[in-house]
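Source file: structure.txt. Holds: compact mmCIF, C-alpha atoms and all ligand atoms.
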# COMPACT_ATOMS: atom_id res chain seq x y z
CA MET A 1 25.13 -22.09 33.46
CA GLU A 2 26.15 -19.11 31.36
CA LYS A 3 23.78 -16.16 31.23
CA MET A 4 22.84 -13.54 28.67
CA ILE A 5 20.81 -10.32 28.58
CA ALA A 6 17.41 -10.70 26.89
CA VAL A 7 14.13 -8.83 26.48
CA LEU A 8 11.12 -10.88 27.53
CA LYS A 9 7.39 -10.45 27.40
CA VAL A 10 6.57 -11.69 30.89
CA ASN A 11 2.82 -11.12 31.27
CA ASN A 12 -0.26 -9.70 29.53
CA GLU A 13 0.31 -6.14 30.70
CA ALA A 14 1.13 -3.32 28.27
CA GLY A 15 4.32 -1.26 28.30
CA GLU A 16 7.20 -1.59 30.76
CA LYS A 17 5.03 -3.55 33.21
CA GLY A 18 4.76 -6.40 30.74
CA THR A 19 8.34 -6.47 29.40
CA GLU A 20 11.52 -7.23 31.34
CA ILE A 21 15.15 -6.77 30.35
CA LYS A 22 16.91 -9.45 32.34
CA GLU A 23 19.52 -12.19 32.56
CA VAL A 24 18.44 -15.61 31.36
CA GLU A 25 20.27 -18.81 30.48
CA ILE A 26 21.94 -18.97 27.09
CA PRO A 27 19.81 -21.40 25.03
CA LYS A 28 21.25 -24.72 23.88
CA PRO A 29 20.84 -25.41 20.16
CA ARG A 30 18.88 -28.58 19.46
CA GLU A 31 19.48 -31.05 16.65
CA GLY A 32 19.22 -29.24 13.30
CA GLU A 33 19.76 -25.84 14.92
CA ALA A 34 22.60 -23.37 15.26
CA LEU A 35 23.22 -20.94 18.10
CA ILE A 36 23.83 -17.45 16.78
CA LYS A 37 25.66 -14.73 18.68
CA VAL A 38 23.58 -11.66 17.88
CA LYS A 39 25.49 -8.69 16.46
CA ALA A 40 22.52 -6.38 15.86
CA THR A 41 18.76 -6.59 16.24
CA SER A 42 15.96 -4.17 15.38
CA ILE A 43 12.38 -3.46 16.39
CA CYS A 44 9.55 -4.41 14.05
CA GLY A 45 5.90 -3.30 14.10
CA THR A 46 5.00 -6.75 15.47
CA ASP A 47 7.27 -6.10 18.47
CA ARG A 48 5.37 -2.87 19.13
CA HIS A 49 2.12 -4.90 19.21
CA ILE A 50 3.76 -7.29 21.67
CA PHE A 51 5.11 -4.45 23.84
CA LYS A 52 1.70 -2.77 23.89
CA ALA A 53 0.01 -6.11 24.58
CA ASP A 54 -2.42 -5.69 21.68
CA PRO A 55 -5.13 -8.37 21.87
CA SER A 56 -4.47 -9.40 18.24
CA ILE A 57 -0.99 -10.65 19.17
CA LEU A 58 -1.46 -11.75 22.79
CA LYS A 59 -3.33 -14.93 21.89
CA SER A 60 -0.38 -16.15 19.76
CA LEU A 61 2.34 -15.36 22.32
CA LYS A 62 3.92 -18.09 24.38
CA ILE A 63 4.55 -16.10 27.58
CA PRO A 64 7.23 -15.77 28.92
CA VAL A 65 8.96 -15.36 25.58
CA ILE A 66 12.06 -13.55 24.34
CA TYR A 67 10.67 -11.46 21.53
CA GLY A 68 12.29 -9.92 18.45
CA HIS A 69 12.76 -11.52 15.05
CA GLU A 70 15.01 -9.15 13.07
CA PHE A 71 18.73 -9.66 13.56
CA CYS A 72 22.12 -10.55 12.20
CA GLY A 73 24.98 -12.29 13.92
CA ASN A 74 27.61 -15.01 13.75
CA ILE A 75 27.22 -18.75 14.10
CA PHE A 76 28.52 -19.62 17.56
CA SER A 77 27.85 -23.37 17.70
CA PHE A 78 25.74 -26.17 16.26
CA GLY A 79 23.26 -28.51 17.93
CA PRO A 80 24.04 -32.20 18.52
CA ASN A 81 24.39 -34.35 15.37
CA THR A 82 24.16 -31.20 13.29
CA LYS A 83 26.74 -30.81 10.56
CA SER A 84 26.66 -28.65 7.50
CA ASN A 85 28.85 -28.42 4.43
CA PHE A 86 27.41 -24.98 3.84
CA PHE A 87 27.65 -23.27 7.24
CA LYS A 88 30.58 -23.14 9.65
CA GLU A 89 31.20 -21.52 13.02
CA GLY A 90 31.79 -17.77 12.70
CA ASP A 91 29.71 -17.34 9.53
CA TYR A 92 27.92 -13.99 9.31
CA VAL A 93 24.19 -14.71 8.94
CA SER A 94 20.64 -13.47 9.25
CA ALA A 95 17.60 -15.71 9.34
CA GLU A 96 14.06 -16.18 8.17
CA MET A 97 12.23 -16.47 11.50
CA HIS A 98 9.13 -18.12 10.05
CA VAL A 99 9.81 -21.80 10.64
CA VAL A 100 7.70 -23.85 8.23
CA CYS A 101 6.78 -27.52 8.23
CA GLY A 102 7.99 -28.53 4.79
CA TYR A 103 5.16 -31.08 4.45
CA CYS A 104 1.87 -29.22 4.01
CA TYR A 105 0.30 -28.51 0.62
CA GLN A 106 1.69 -24.96 0.50
CA CYS A 107 5.22 -25.98 1.47
CA ARG A 108 5.17 -28.82 -1.03
CA THR A 109 4.05 -26.51 -3.82
CA GLY A 110 6.82 -23.97 -3.27
CA ARG A 111 4.87 -21.52 -1.13
CA GLY A 112 6.38 -22.00 2.31
CA HIS A 113 5.58 -18.37 3.23
CA ILE A 114 1.93 -19.41 3.61
CA CYS A 115 2.66 -22.72 5.37
CA GLU A 116 -0.31 -23.89 7.43
CA ASN A 117 1.95 -24.83 10.33
CA THR A 118 4.19 -21.75 10.52
CA LYS A 119 5.95 -21.17 13.83
CA ILE A 120 7.41 -17.70 14.32
CA LEU A 121 10.52 -17.30 16.45
CA GLY A 122 9.99 -14.28 18.68
CA ILE A 123 6.25 -15.05 19.03
CA HIS A 124 5.67 -18.79 19.39
CA GLU A 125 9.22 -19.53 20.55
CA ASP A 126 12.15 -17.44 21.77
CA GLY A 127 13.42 -14.77 19.39
CA CYS A 128 16.45 -12.54 19.00
CA PHE A 129 16.15 -9.66 21.51
CA ALA A 130 19.00 -11.42 23.27
CA GLU A 131 22.73 -11.96 23.05
CA TYR A 132 22.16 -15.43 21.58
CA VAL A 133 19.33 -17.00 19.58
CA ARG A 134 18.88 -20.54 18.29
CA VAL A 135 17.57 -21.00 14.76
CA PRO A 136 17.09 -24.04 12.49
CA LEU A 137 20.01 -24.30 10.09
CA SER A 138 17.62 -24.39 7.14
CA ASN A 139 16.39 -20.89 8.08
CA LEU A 140 19.83 -19.23 8.09
CA VAL A 141 20.90 -16.91 5.29
CA LYS A 142 24.60 -16.26 4.74
CA LEU A 143 25.62 -12.62 4.41
CA LYS A 144 28.56 -10.85 2.78
CA GLU A 145 31.04 -9.57 5.37
CA ASN A 146 30.81 -5.99 4.05
CA LEU A 147 27.06 -5.68 4.81
CA LYS A 148 26.82 -3.34 7.79
CA PRO A 149 25.17 -4.88 10.89
CA GLU A 150 22.75 -1.94 11.26
CA ILE A 151 21.40 -2.79 7.76
CA ALA A 152 21.64 -6.59 8.11
CA SER A 153 19.65 -6.31 11.34
CA PHE A 154 16.39 -5.54 9.49
CA LEU A 155 16.54 -7.82 6.42
CA ASP A 156 13.34 -9.50 7.61
CA ALA A 157 11.48 -6.19 7.22
CA LEU A 158 13.29 -5.35 4.00
CA GLY A 159 12.04 -8.72 2.80
CA ASN A 160 8.46 -7.59 3.44
CA ALA A 161 9.12 -4.50 1.31
CA VAL A 162 10.79 -6.48 -1.49
CA HIS A 163 8.00 -9.07 -1.39
CA THR A 164 5.39 -6.27 -1.66
CA ILE A 165 7.13 -5.04 -4.82
CA GLN A 166 7.94 -8.50 -6.26
CA PRO A 167 4.63 -9.17 -8.09
CA VAL A 168 4.02 -5.64 -9.48
CA LYS A 169 5.54 -3.40 -12.14
CA ILE A 170 7.66 -0.46 -10.91
CA SER A 171 10.07 0.56 -13.66
CA GLY A 172 8.64 3.46 -15.69
CA LYS A 173 5.40 3.40 -13.69
CA ASN A 174 3.60 5.90 -11.46
CA VAL A 175 3.81 4.38 -8.00
CA LEU A 176 1.82 5.28 -4.90
CA ILE A 177 3.14 4.24 -1.49
CA LEU A 178 0.52 4.39 1.24
CA GLY A 179 2.32 4.94 4.56
CA TYR A 180 5.88 6.06 5.33
CA GLY A 181 6.85 3.87 8.26
CA PRO A 182 9.95 1.68 7.97
CA ILE A 183 8.54 -0.60 5.28
CA GLY A 184 7.00 2.30 3.36
CA ALA A 185 10.40 4.01 3.46
CA MET A 186 12.06 0.84 2.12
CA CYS A 187 9.41 0.54 -0.61
CA ALA A 188 10.07 4.17 -1.55
CA SER A 189 13.82 3.56 -1.82
CA ILE A 190 13.34 0.37 -3.84
CA SER A 191 10.82 2.08 -6.18
CA GLU A 192 13.25 4.92 -6.76
CA PHE A 193 16.12 2.47 -7.28
CA LEU A 194 14.05 0.47 -9.80
CA LYS A 195 13.33 3.68 -11.74
CA ALA A 196 9.68 4.36 -11.12
CA LYS A 197 8.41 7.33 -13.17
CA LYS A 198 6.72 9.31 -10.40
CA ILE A 199 6.44 8.28 -6.76
CA PHE A 200 3.69 9.51 -4.46
CA ILE A 201 3.95 8.90 -0.72
CA THR A 202 0.98 9.43 1.60
CA GLU A 203 1.56 9.67 5.33
CA ILE A 204 -0.44 10.84 8.33
CA THR A 205 2.16 11.45 11.07
CA ASP A 206 4.26 14.64 11.23
CA GLU A 207 7.37 12.55 11.96
CA GLY A 208 6.78 10.33 8.92
CA ILE A 209 6.19 13.36 6.70
CA SER A 210 9.39 15.05 7.83
CA MET A 211 11.46 11.86 7.39
CA ALA A 212 10.03 11.38 3.89
CA LYS A 213 10.78 15.02 3.03
CA LYS A 214 14.33 14.67 4.35
CA TRP A 215 14.86 11.62 2.14
CA VAL A 216 13.60 13.51 -0.92
CA LYS A 217 15.87 16.46 -0.15
CA ASP A 218 18.97 14.38 0.67
CA GLU A 219 18.59 12.26 -2.46
CA ASP A 220 17.64 15.24 -4.63
CA LEU A 221 14.33 13.73 -5.73
CA GLU A 222 12.18 16.87 -5.97
CA GLY A 223 9.95 16.72 -9.05
CA LYS A 224 10.02 12.93 -9.00
CA VAL A 225 8.80 12.07 -5.51
CA TYR A 226 5.74 13.80 -4.04
CA ILE A 227 4.95 13.66 -0.33
CA ILE A 228 1.29 14.04 0.54
CA ASP A 229 0.26 14.88 4.10
CA VAL A 230 -3.12 13.14 4.43
CA LYS A 231 -3.88 14.43 7.93
CA ASN A 232 -7.32 16.11 8.03
CA LYS A 233 -7.90 15.46 4.33
CA ASN A 234 -10.55 13.26 2.77
CA ASN A 235 -9.87 10.91 -0.12
CA ASP A 236 -11.51 13.24 -2.67
CA GLU A 237 -9.08 16.00 -1.76
CA ILE A 238 -6.08 13.67 -1.89
CA TYR A 239 -7.28 12.19 -5.18
CA LYS A 240 -7.46 15.70 -6.68
CA GLN A 241 -3.96 16.49 -5.45
CA ILE A 242 -2.51 13.35 -7.06
CA TYR A 243 -4.58 13.76 -10.24
CA GLU A 244 -3.24 17.29 -10.82
CA ILE A 245 0.33 15.98 -10.97
CA CYS A 246 -0.53 12.63 -12.53
CA PRO A 247 -3.68 12.86 -14.70
CA GLU A 248 -3.16 9.38 -16.18
CA GLY A 249 -3.58 7.84 -12.73
CA ILE A 250 -1.46 5.51 -10.64
CA ASP A 251 -0.17 2.28 -12.21
CA THR A 252 0.97 0.58 -9.02
CA ALA A 253 -0.11 1.11 -5.40
CA LEU A 254 1.78 -0.35 -2.43
CA GLU A 255 -0.42 -0.42 0.67
CA ILE A 256 1.68 -0.53 3.82
CA SER A 257 -0.47 1.34 6.35
CA GLY A 258 -3.39 -1.04 6.84
CA ALA A 259 -5.66 2.01 7.24
CA GLU A 260 -9.14 1.66 5.73
CA SER A 261 -9.03 5.13 4.15
CA ALA A 262 -5.59 4.42 2.63
CA ILE A 263 -6.75 1.13 1.12
CA ASN A 264 -9.74 2.94 -0.40
CA LEU A 265 -7.50 5.75 -1.64
CA GLY A 266 -5.21 3.23 -3.32
CA LEU A 267 -8.14 1.62 -5.12
CA LYS A 268 -9.58 5.00 -6.09
CA VAL A 269 -6.45 6.49 -7.67
CA LEU A 270 -5.43 3.36 -9.59
CA ARG A 271 -5.83 3.74 -13.33
CA ARG A 272 -7.72 1.04 -15.23
CA GLY A 273 -5.74 -2.18 -15.26
CA GLY A 274 -3.57 -1.00 -12.37
CA GLU A 275 -2.11 -3.17 -9.64
CA ILE A 276 -2.23 -2.93 -5.87
CA SER A 277 -0.04 -4.88 -3.48
CA LEU A 278 -1.48 -5.13 0.04
CA LEU A 279 0.80 -5.64 3.03
CA GLY A 280 -0.64 -3.43 5.81
CA ILE A 281 -2.80 -5.10 8.45
CA PRO A 282 -5.88 -3.16 9.60
CA ALA A 283 -6.51 -2.65 13.33
CA LYS A 284 -9.82 -4.49 12.96
CA SER A 285 -10.13 -7.54 10.75
CA ASN A 286 -13.00 -6.09 8.71
CA ILE A 287 -12.82 -2.98 6.53
CA ASN A 288 -15.26 -1.27 4.17
CA ILE A 289 -14.45 -0.85 0.50
CA SER A 290 -16.29 2.33 -0.42
CA ASP A 291 -16.79 1.68 -4.15
CA TYR A 292 -16.12 -1.96 -4.95
CA THR A 293 -18.03 -1.80 -8.24
CA ASN A 294 -16.16 1.11 -9.79
CA ASP A 295 -12.80 0.97 -8.04
CA VAL A 296 -12.24 -2.78 -8.16
CA ILE A 297 -14.39 -4.59 -10.74
CA PHE A 298 -14.99 -2.07 -13.50
CA LYS A 299 -11.35 -0.96 -13.53
CA GLY A 300 -10.06 -4.48 -14.07
CA ILE A 301 -7.33 -4.09 -11.47
CA THR A 302 -5.14 -6.79 -9.95
CA LEU A 303 -4.76 -7.19 -6.18
CA TYR A 304 -1.94 -9.06 -4.48
CA SER A 305 -1.94 -9.93 -0.80
CA ILE A 306 1.50 -10.13 0.76
CA ILE A 307 2.58 -12.09 3.81
CA GLY A 308 6.13 -12.74 4.98
CA ARG A 309 8.88 -13.38 2.49
CA ARG A 310 9.11 -16.01 -0.25
CA MET A 311 11.52 -18.65 0.93
CA PHE A 312 14.05 -17.93 -0.12
CA GLU A 313 13.55 -16.11 -3.39
CA THR A 314 12.80 -12.82 -1.61
CA TRP A 315 15.97 -13.11 0.49
CA PHE A 316 18.18 -13.55 -2.57
CA GLN A 317 16.39 -10.73 -4.36
CA MET A 318 16.94 -8.27 -1.50
CA LEU A 319 20.61 -9.21 -1.11
CA ASP A 320 21.03 -8.72 -4.87
CA LEU A 321 19.35 -5.29 -4.65
CA ILE A 322 21.68 -4.25 -1.82
CA GLU A 323 24.71 -5.47 -3.75
CA SER A 324 23.49 -3.55 -6.80
CA GLY A 325 23.54 -0.31 -4.81
CA LEU A 326 20.12 0.05 -3.12
CA LYS A 327 20.60 2.77 -0.49
CA LEU A 328 19.22 2.06 2.97
CA SER A 329 21.51 3.97 5.32
CA HIS A 330 18.75 6.49 6.21
CA ILE A 331 16.44 3.72 7.52
CA PRO A 332 18.25 2.79 10.79
CA ASN A 333 18.09 6.36 12.10
CA LYS A 334 18.19 5.42 15.81
CA ILE A 335 21.02 3.17 16.91
CA TYR A 336 21.64 2.09 20.51
CA LYS A 337 24.42 0.19 22.23
CA GLY A 338 23.09 -2.93 23.95
CA LEU A 339 19.61 -4.15 24.82
CA GLU A 340 19.75 -2.25 28.12
CA ASN A 341 18.36 0.68 26.08
CA PHE A 342 15.41 -1.33 24.81
CA PHE A 343 12.71 0.84 26.41
CA GLU A 344 14.21 4.02 24.96
CA GLY A 345 14.37 2.38 21.52
CA MET A 346 10.79 1.17 21.78
CA ASP A 347 9.65 4.65 22.82
CA ASP A 348 11.42 6.20 19.80
CA PHE A 349 9.83 3.58 17.55
CA ILE A 350 6.31 4.01 18.94
CA SER A 351 6.49 7.79 18.64
CA HIS A 352 7.74 7.53 15.00
CA ARG A 353 11.10 9.18 15.74
CA ALA A 354 12.80 5.95 14.70
CA LEU A 355 12.19 4.48 11.26
CA LYS A 356 14.24 1.55 12.50
CA ALA A 357 15.48 1.32 16.08
CA VAL A 358 18.60 -0.87 15.97
CA PHE A 359 20.52 -2.29 18.94
CA LEU A 360 24.19 -3.07 18.40
CA LEU A 361 25.24 -5.83 20.76
CA GLU A 362 28.96 -5.92 20.12
ZN ZN B 1 4.02 -26.17 5.67
If you convert what's in this file into structure tokens, what do you get?
Ligand code: ZN
Amino acid sequence: MEKMIAVLKVNNEAGEKGTEIKEVEIPKPREGEALIKVKATSICGTDRHIFKADPSILKSLKIPVIYGHEFCGNIFSFGPNTKSNFFKEGDYVSAEMHVVCGYCYQCRTGRGHICENTKILGIHEDGCFAEYVRVPLSNLVKLKENLKPEIASFLDALGNAVHTIQPVKISGKNVLILGYGPIGAMCASISEFLKAKKIFITEITDEGISMAKKWVKDEDLEGKVYIIDVKNKNNDEIYKQIYEICPEGIDTALEISGAESAINLGLKVLRRGGEISLLGIPAKSNINISDYTNDVIFKGITLYSIIGRRMFETWFQMLDLIESGLKLSHIPNKIYKGLENFFEGMDDFISHRALKAVFLLE
């Protein structure tokens, strides 16, 4: 039996005690599936939860499991009785790793991203921190050959960013992005690309602040993009800081951090009739909204909750944005050769040195 290198969550322990980089058998694609030879894969916030054995994720994990769900690669082979007029061996692809049932109410009404029976590869079944991964054919997305693997490796996350922006207005609007991790950084780039009027970015880590500032400097965005260090500041102080530059208030807030104070800040600085798109997941499942009456009801705002990517509208939209010139080369700022460096990559990701930690496998 042929072997491959893979990264597995092997027990409930946190850190390197709970994750092993080891040789396992190359999986066999089943009927309806393709086996993909992974070219590049990157670490997502969910993988950090798995690595740290956070209780919120442990109960969903099928241990031992190969984790990872962001990748690109080439079709290596097809499962038995599996033919496609659309895909052939060698095709350059990425994949939606939420496998949906196709039969529930949500799937049948065009909302597969909230399927009641979603299975996630890299959580419920083996994922892509490996040299090969098997994926249902219907989940594959064909890529243009000129899309660099280090970018194509994180389309899943880019899809979260594009989905966060999909329902709201950006062009000509004052946009607030709460959190400058990888998805916040993508939201910032997309907002700039879609010609937002002013962009405000709040961030609490020194690393995030300096990466955001570097982006503003490199892209010559001073006077258009404002970076706000929220460390040791309360929402009244931050509100004042934004209000001085933008007295009309924020039209559109994109909440990526999941922090209670950030969610409240977003609601507070929205102008009347504004919109907020909520992607970030709080550490605890309950949060307090400090002024529901004034910040939510009386302002007549619209809230959108975002999960996953619309299948497959979001995928086509992000590929179109990339083809139209959306710049993302600053996002994969830590690139490693091979999964043997997984622990180093995870450490860079956890300590915010990496916006995206990408492993090139060939
Ligand atoms: Zn379904």
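Counting all atoms listed in the file and comparing A:Glu192, A:Asp295, A:Asp251, A:Asp156, the residue that lies closest to Trp215 (chain A) is A:Glu192.
With all atoms listed in the file as the atoms that count, the residue of A:Leu279, A:Ile289, A:Ile114, A:Ala253 with the shortest distance to Val168 (chain A) is A:Ala253.
CA of Asn11 (chain A) sits 19.3 Å away from CA of Ile43 (chain A).
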Exercise. Taking only C-alpha atoms and all ligand atoms into account, report as a ChimeraX atom specification which residues have an atom no farther than 6 Å from an atom of ligand ZN 1 (chain B).
Key: /A:100-104,106-107,112,115-117
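Near region 322-338 of chain A, within 7 Å and counting all atoms listed in the file, sit Glu150, Pro182, Ser189, Ile190, Phe193, Met318, Leu319, Asn341, Ala354, Leu355, Lys356, Ala357, Val358, Phe359, Leu360 and Leu361 of chain A; same-chain residues fewer than 3 positions away were not included.
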Selection export as a PDB file, in the coordinates of the input, atoms kept: C-alpha atoms:
ATOM      1  CA  GLU A 150      22.750  -1.940  11.260  1.00  0.00           C
ATOM      2  CA  PRO A 182       9.950   1.680   7.970  1.00  0.00           C
ATOM      3  CA  SER A 189      13.820   3.560  -1.820  1.00  0.00           C
ATOM      4  CA  ILE A 190      13.340   0.370  -3.840  1.00  0.00           C
ATOM      5  CA  PHE A 193      16.120   2.470  -7.280  1.00  0.00           C
ATOM      6  CA  MET A 318      16.940  -8.270  -1.500  1.00  0.00           C
ATOM      7  CA  LEU A 319      20.610  -9.210  -1.110  1.00  0.00           C
ATOM      8  CA  ASN A 341      18.360   0.680  26.080  1.00  0.00           C
ATOM      9  CA  ALA A 354      12.800   5.950  14.700  1.00  0.00           C
ATOM     10  CA  LEU A 355      12.190   4.480  11.260  1.00  0.00           C
ATOM     11  CA  LYS A 356      14.240   1.550  12.500  1.00  0.00           C
ATOM     12  CA  ALA A 357      15.480   1.320  16.080  1.00  0.00           C
ATOM     13  CA  VAL A 358      18.600  -0.870  15.970  1.00  0.00           C
ATOM     14  CA  PHE A 359      20.520  -2.290  18.940  1.00  0.00           C
ATOM     15  CA  LEU A 360      24.190  -3.070  18.400  1.00  0.00           C
ATOM     16  CA  LEU A 361      25.240  -5.830  20.760  1.00  0.00           C
TER      17      LEU A 361
END
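Using all atoms listed in the file, the smallest distance between any of A:Glu23, A:Asp348, A:Asp229, A:Glu89 and Phe200 (chain A) comes from A:Asp229.
Nearest residue to Ser210 (chain A), choosing from A:Gly73, A:Gly223, A:Gly159, A:Gly181 and counting all atoms listed in the file: A:Gly181.
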Quiz prompt | All residues 12 Å or closer to Asp236 (chain A), all atoms listed in the file, same chain fewer than 5 positions away omitted, as a ChimeraX atom specification | solution = /A:230,241-243,261-262,264-266,268-269
Quiz item: Could you state the separation of CA of Leu35 (chain A) and CA of Val141 (chain A) in Å, given to one decimal place?
Solution: 13.6 Å
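In this model, the gap between CA of Leu267 (chain A) and CA of Tyr304 (chain A) comes to 12.4 Å.
With only C-alpha atoms as the atoms that count, the minimum distance from Gly79 (chain A) to the choices A:Lys195, A:Arg30, A:Lys17, A:Lys144 is reached by A:Arg30.
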Practice problem: Tell me which of A:Asp126, A:Glu33, A:Glu255, A:Glu131 sits closest to Ser305 (chain A), counting all atoms listed in the file. | Solution: A:Glu255
Practice problem: Fewer than 5 positions away in the same chain doesn't count, so skip those; otherwise give me all residues within 9 Å of Asp47 (chain A), counting all atoms listed in the file, as a PyMOL selection string. | Solution: chain A and resi 52+67-69+122+346
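Counting only C-alpha atoms, Ile5 (chain A) has the following residues at most 8 Å away, ignoring those fewer than 6 positions along the same chain: Ile21, Lys22, Glu23, Val24, Ala130, Glu131 and Leu339 of chain A.
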Practice problem: Quick one: everything within 10 Å of Pro136 (chain A), counting all atoms listed in the file, minus sequence neighbours fewer than 4 positions away in the same chain. Send it as an MDAnalysis selection string. | Solution: chainID A and resid 29:35 78:79 95:97 99 140
Would you mind writing region 103-114 of chain A with N, CA and C atoms, as an mmCIF file, in the frame of the given file?
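Writing the result to selection_20.cif gives the following:
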data_model
loop_
_atom_site.group_PDB
_atom_site.id
_atom_site.type_symbol
_atom_site.label_atom_id
_atom_site.label_comp_id
_atom_site.auth_asym_id
_atom_site.auth_seq_id
_atom_site.Cartn_x
_atom_site.Cartn_y
_atom_site.Cartn_z
ATOM 1 N N TYR A 103 5.976 -29.925 4.856
ATOM 2 C CA TYR A 103 5.160 -31.080 4.450
ATOM 3 C C TYR A 103 3.742 -30.729 4.008
ATOM 4 N N CYS A 104 3.263 -29.544 4.368
ATOM 5 C CA CYS A 104 1.870 -29.220 4.010
ATOM 6 C C CYS A 104 1.767 -28.925 2.510
ATOM 7 N N TYR A 105 0.558 -28.761 2.044
ATOM 8 C CA TYR A 105 0.300 -28.510 0.620
ATOM 9 C C TYR A 105 1.085 -27.286 0.124
ATOM 10 N N GLN A 106 1.033 -26.190 0.926
ATOM 11 C CA GLN A 106 1.690 -24.960 0.500
ATOM 12 C C GLN A 106 3.210 -25.130 0.431
ATOM 13 N N CYS A 107 3.776 -25.741 1.472
ATOM 14 C CA CYS A 107 5.220 -25.980 1.470
ATOM 15 C C CYS A 107 5.617 -26.835 0.275
ATOM 16 N N ARG A 108 4.826 -27.874 0.027
ATOM 17 C CA ARG A 108 5.170 -28.820 -1.030
ATOM 18 C C ARG A 108 4.956 -28.261 -2.428
ATOM 19 N N THR A 109 4.233 -27.115 -2.502
ATOM 20 C CA THR A 109 4.050 -26.510 -3.820
ATOM 21 C C THR A 109 4.819 -25.200 -3.921
ATOM 22 N N GLY A 110 5.888 -25.098 -3.129
ATOM 23 C CA GLY A 110 6.820 -23.970 -3.270
ATOM 24 C C GLY A 110 6.330 -22.668 -2.668
ATOM 25 N N ARG A 111 5.400 -22.753 -1.735
ATOM 26 C CA ARG A 111 4.870 -21.520 -1.130
ATOM 27 C C ARG A 111 4.938 -21.599 0.396
ATOM 28 N N GLY A 112 6.155 -21.857 0.873
ATOM 29 C CA GLY A 112 6.380 -22.000 2.310
ATOM 30 C C GLY A 112 5.971 -20.776 3.116
ATOM 31 N N HIS A 113 5.936 -19.589 2.476
ATOM 32 C CA HIS A 113 5.580 -18.370 3.230
ATOM 33 C C HIS A 113 4.118 -18.391 3.687
ATOM 34 N N ILE A 114 3.304 -19.287 3.106
ATOM 35 C CA ILE A 114 1.930 -19.410 3.610
ATOM 36 C C ILE A 114 1.695 -20.819 4.167
#
